[in-house]
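J.: Here it is: the structure, laid out below.
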Amino acid sequence: MKYVIVGGVAGGAAVAARLRRNDEHAEIIIFEKGEYISYANCGLPYYVGETIKDREKLFLENPSTFKENLNIDVKNNHEVLSIDKINKTVKVINLTNSNITTESYDKLILSPGATPIVPPISGIDSNKVFTLRNVPDADKLKAAIDNDKPTSAVVIGAGFIGMEAAENLYDRGLNVTIVEMANQVMTPLDYEMAAQVHEHLKFKEVALYLSDGVKSLKDLGNRIEIELQSGKRIFTDMVVLSIGVKPLTVLAENAGIDVNRGIVVNEFLETSAKDIYALGDAAEMKHGITGKNAIVPLAGPAGKQARILADNLVYNSKKPYKGAIGTSIAKIFDLTVATTGLPEKSVEDSLSVIVNGSSHAGYYPGAMQLFLKLVFDKEGKLLGAQGVGYEGVDKRLEMIAAVIRMGGTVNDLTEVEHAYAPPFSSSKDPVNILGFTAE
Ligand code: FAD
């Protein structure tokens, strides 16, 4: 069996490794248009911020180790240009010498990811405007900080990646401003939970412009002038654009494969074309709660999809991927902010409760406040949860996410049996209290 994989980072590398574990005889080829494979995208902001000091630590594998350890052929700096689904071939360009070749496949797996949305900007020195998606982006941003010694940065877009970028620029000593078109940061949060992040940013002296978009950017030579839609002007040394990502669907679209916002796949990660599969940030599939098509661009789901897909391919089985519910977490300066499932604002007639809890027993030193919000329907079925605090937010959100994943109710939360001793929790954990309050 010959597997060809497009994209060699989170989804692509994971599917390749699992295919090899399952089938020692298969021919496996990865085409990756960038130089690097199997690296930690999620670590990039922390490399820029120098929390991760050693660049090598970002790389989990490289083409040689993939070949030596797993006998997988990695063709990096090779971009797949087109798919011929009738003859089951792909056309590939070697980006180092521009040679174009054709490669046949038995099964084709698309994990091309997504690309940052960049609005048309002209007349700005490209060394002053940055995105943060891959290793070259991180290298460029870090080099600009190291070499040009900027003192200020504006992050446009307050999603998870924008917020992580803001924190890491701040850690490098820059004065950071965040501009966001919505009236809050981090859209998966409901407003009252996001408001605590707004307060924290104020405390950290990070300027935050909400409900305001960027009208224009002007390069003044030594500074960039940003004019906001409100008419306000901000002057900065550098800009980080983080206004969202667009799934890379062009290959699939040109091959006549069904594409909506992403490459449409069913629960077996099968596209509309025979023997062609898709996963990760480029793939659109049923959401684990709504059952409607959605894209959940997170590393965890990509890895789980990779495992299921590789198993189904090799064992000719039909295990379904049940759909991601969007469980995510971010460190926002000193805060932990986590969400799972749906926010209240996105579900008509949903109910919610908020609990102001404690990371562990109040009488044991060091207990920290945390806020948890639970979203559920009239029958008590859990729809989502959000947490903001300093310690222990992660485990509470993961407990709730696990119960949501199993189709649980508020009653189930009252019965979650947690590991309790005073340094870790309280005899009634905030998750139980959420359940009691919601019952
Ligand atoms: P990618 O990992 O992006 O891989 C796609 C690869 O395909 C790219 O390397 C691309 O060059 C290649 N490619 C595209 N088109 C072609 C082509 N035609 N030919 C050949 N190669 C091609 N998720 C979390 O869950 N937690 C986090 O903390 C987190 N932090 C993040 C921080 C940052 C800065 C970023 C950018 C992402 C973060 N994510 C996080 C998201 C996570 O990294 C993605 O969900 C995951 O990488 C998606 O995997 P993928 O395989 O779909 O795409």
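Residues are referred to by chain and number: the chain letter is A, B, ... according to the order shown in the structure tokens, the number counts from 1 in that chain, and ligands are numbered separately from 1 in the order shown.
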Using only C-alpha atoms, what does the table of range 224-297 of chain A residues within 12 Å of range 364-386 of chain A look like, with each row giving the shortest atom pair and its distance in Å to one decimal, sorted by chain and ascending number, as a tab-separated table?
T.:
residue	atom	partner	partner_atom	distance
A:His287	CA	A:Leu383	CA	11.9
A:Gly288	CA	A:Leu383	CA	10.2
A:Ile289	CA	A:Leu383	CA	7.1
A:Thr290	CA	A:Leu383	CA	9.0
J.: List the neighbours of Leu169 in chain A out to 10 Å using only C-alpha atoms; skip same-chain residues closer than 5 positions along the sequence, and give me the result as a ChimeraX atom specification.
T.: /A:45-46,48-50,141-142,145,151-155,163-164,174-176,240
J.: Can you work out which residues are within 7 Å of ligand 1, considering only C-alpha atoms and all ligand atoms, and then hand them over as a ChimeraX atom specification?
T.: /A:6-12,31-34,37,41-45,78-81,111-114,132-134,161,248,251,279-282,297-300,302,328-330
J.: Please produce a file of the residues just selected, as a compact mmCIF listing (two decimals), in the first residue's frame, where the atoms kept are C-alpha atoms.
T.:
# COMPACT_ATOMS: atom_id res chain seq x y z
CA VAL A 6 0.32 16.39 2.18
CA GLY A 7 1.66 18.38 5.14
CA GLY A 8 4.25 17.16 7.62
CA VAL A 9 3.47 18.91 10.88
CA ALA A 10 0.77 18.08 13.46
CA GLY A 11 -1.75 15.97 11.54
CA GLY A 12 0.51 14.78 8.70
CA PHE A 31 5.30 16.15 1.09
CA GLU A 32 5.89 19.29 3.14
CA LYS A 33 6.26 22.62 1.42
CA GLY A 34 8.19 24.14 4.31
CA ILE A 37 8.33 18.81 9.78
CA ASN A 41 3.60 25.08 16.54
CA CYS A 42 2.12 25.52 19.99
CA GLY A 43 5.57 26.27 21.41
CA LEU A 44 6.37 29.04 18.92
CA PRO A 45 5.10 32.00 21.02
CA HIS A 78 8.14 20.08 -1.82
CA GLU A 79 4.73 21.57 -2.51
CA VAL A 80 1.88 19.49 -3.85
CA LEU A 81 0.38 21.52 -6.67
CA SER A 111 -3.29 17.71 6.32
CA PRO A 112 -2.27 21.08 4.83
CA GLY A 113 -3.43 23.13 7.82
CA ALA A 114 -4.39 26.75 7.59
CA LEU A 132 2.94 33.61 13.85
CA ARG A 133 2.09 30.29 12.23
CA ASN A 134 5.30 28.40 11.56
CA ILE A 161 -2.65 33.04 19.48
CA LEU A 248 -5.90 25.60 3.07
CA LEU A 251 -5.76 21.65 -3.54
CA LEU A 279 -7.78 16.02 8.88
CA GLY A 280 -6.58 18.86 11.08
CA ASP A 281 -7.10 22.59 10.61
CA ALA A 282 -8.08 22.21 6.94
CA PRO A 297 -8.28 24.18 14.65
CA LEU A 298 -6.51 22.58 17.59
CA ALA A 299 -3.58 20.20 17.92
CA GLY A 300 -5.33 17.67 20.17
CA ALA A 302 -5.66 16.70 14.82
CA SER A 328 -8.67 24.64 24.75
CA ILE A 329 -6.53 26.43 27.27
CA ALA A 330 -4.16 29.36 27.29
J.: Excluding Leu60 in chain A and its own-chain neighbours fewer than 2 positions away, which residues fall within 7 Å of it when counting only C-alpha atoms? Please give them as a ChimeraX atom specification.
T.: /A:38-39,58
J.: Could you pull out the alpha helix (DSSP H) residues of range 180-223 of chain A, going by DSSP on the backbone, and write them as a list in words?
T.: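 Selection result, alpha helix (DSSP H) within range 180-223 of chain A: Tyr191, Glu192, Met193, Ala194, Ala195, Gln196, Val197, His198, Glu199, His200, Leu201, Lys202 and Phe203 of chain A.
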J.: For Arg223 in chain A, list every protein, DNA or RNA residue within 8 Å, evaluated using only C-alpha atoms, and leave out those in the same chain fewer than 6 positions away; present the list as a list in words.
T.: Phe235, Thr236, Asp237 and Met238 of chain A
J.: I'd like to know which residues of range 218-411 of chain A are strand (DSSP E) (by DSSP, run on the backbone); could you write them as a PyMOL selection string?
T.: chain A and resi 218-219+224-228+233-236+238-241+245-247+263-264+276-278+283-286+293-294+328-332+335-341+351-358+369-376+382-389
J.: Please list as a PyMOL selection string every residue within 12 Å of Leu228 in chain A, counting only C-alpha atoms and excluding residues in the same chain fewer than 4 positions away.
T.: chain A and resi 154+156+178-181+209-218+232-235
J.: Between A:Phe203, A:Tyr47, A:Tyr315, A:Tyr277, single out the one closest to Arg172 in chain A, counting only C-alpha atoms.
T.: A:Tyr47
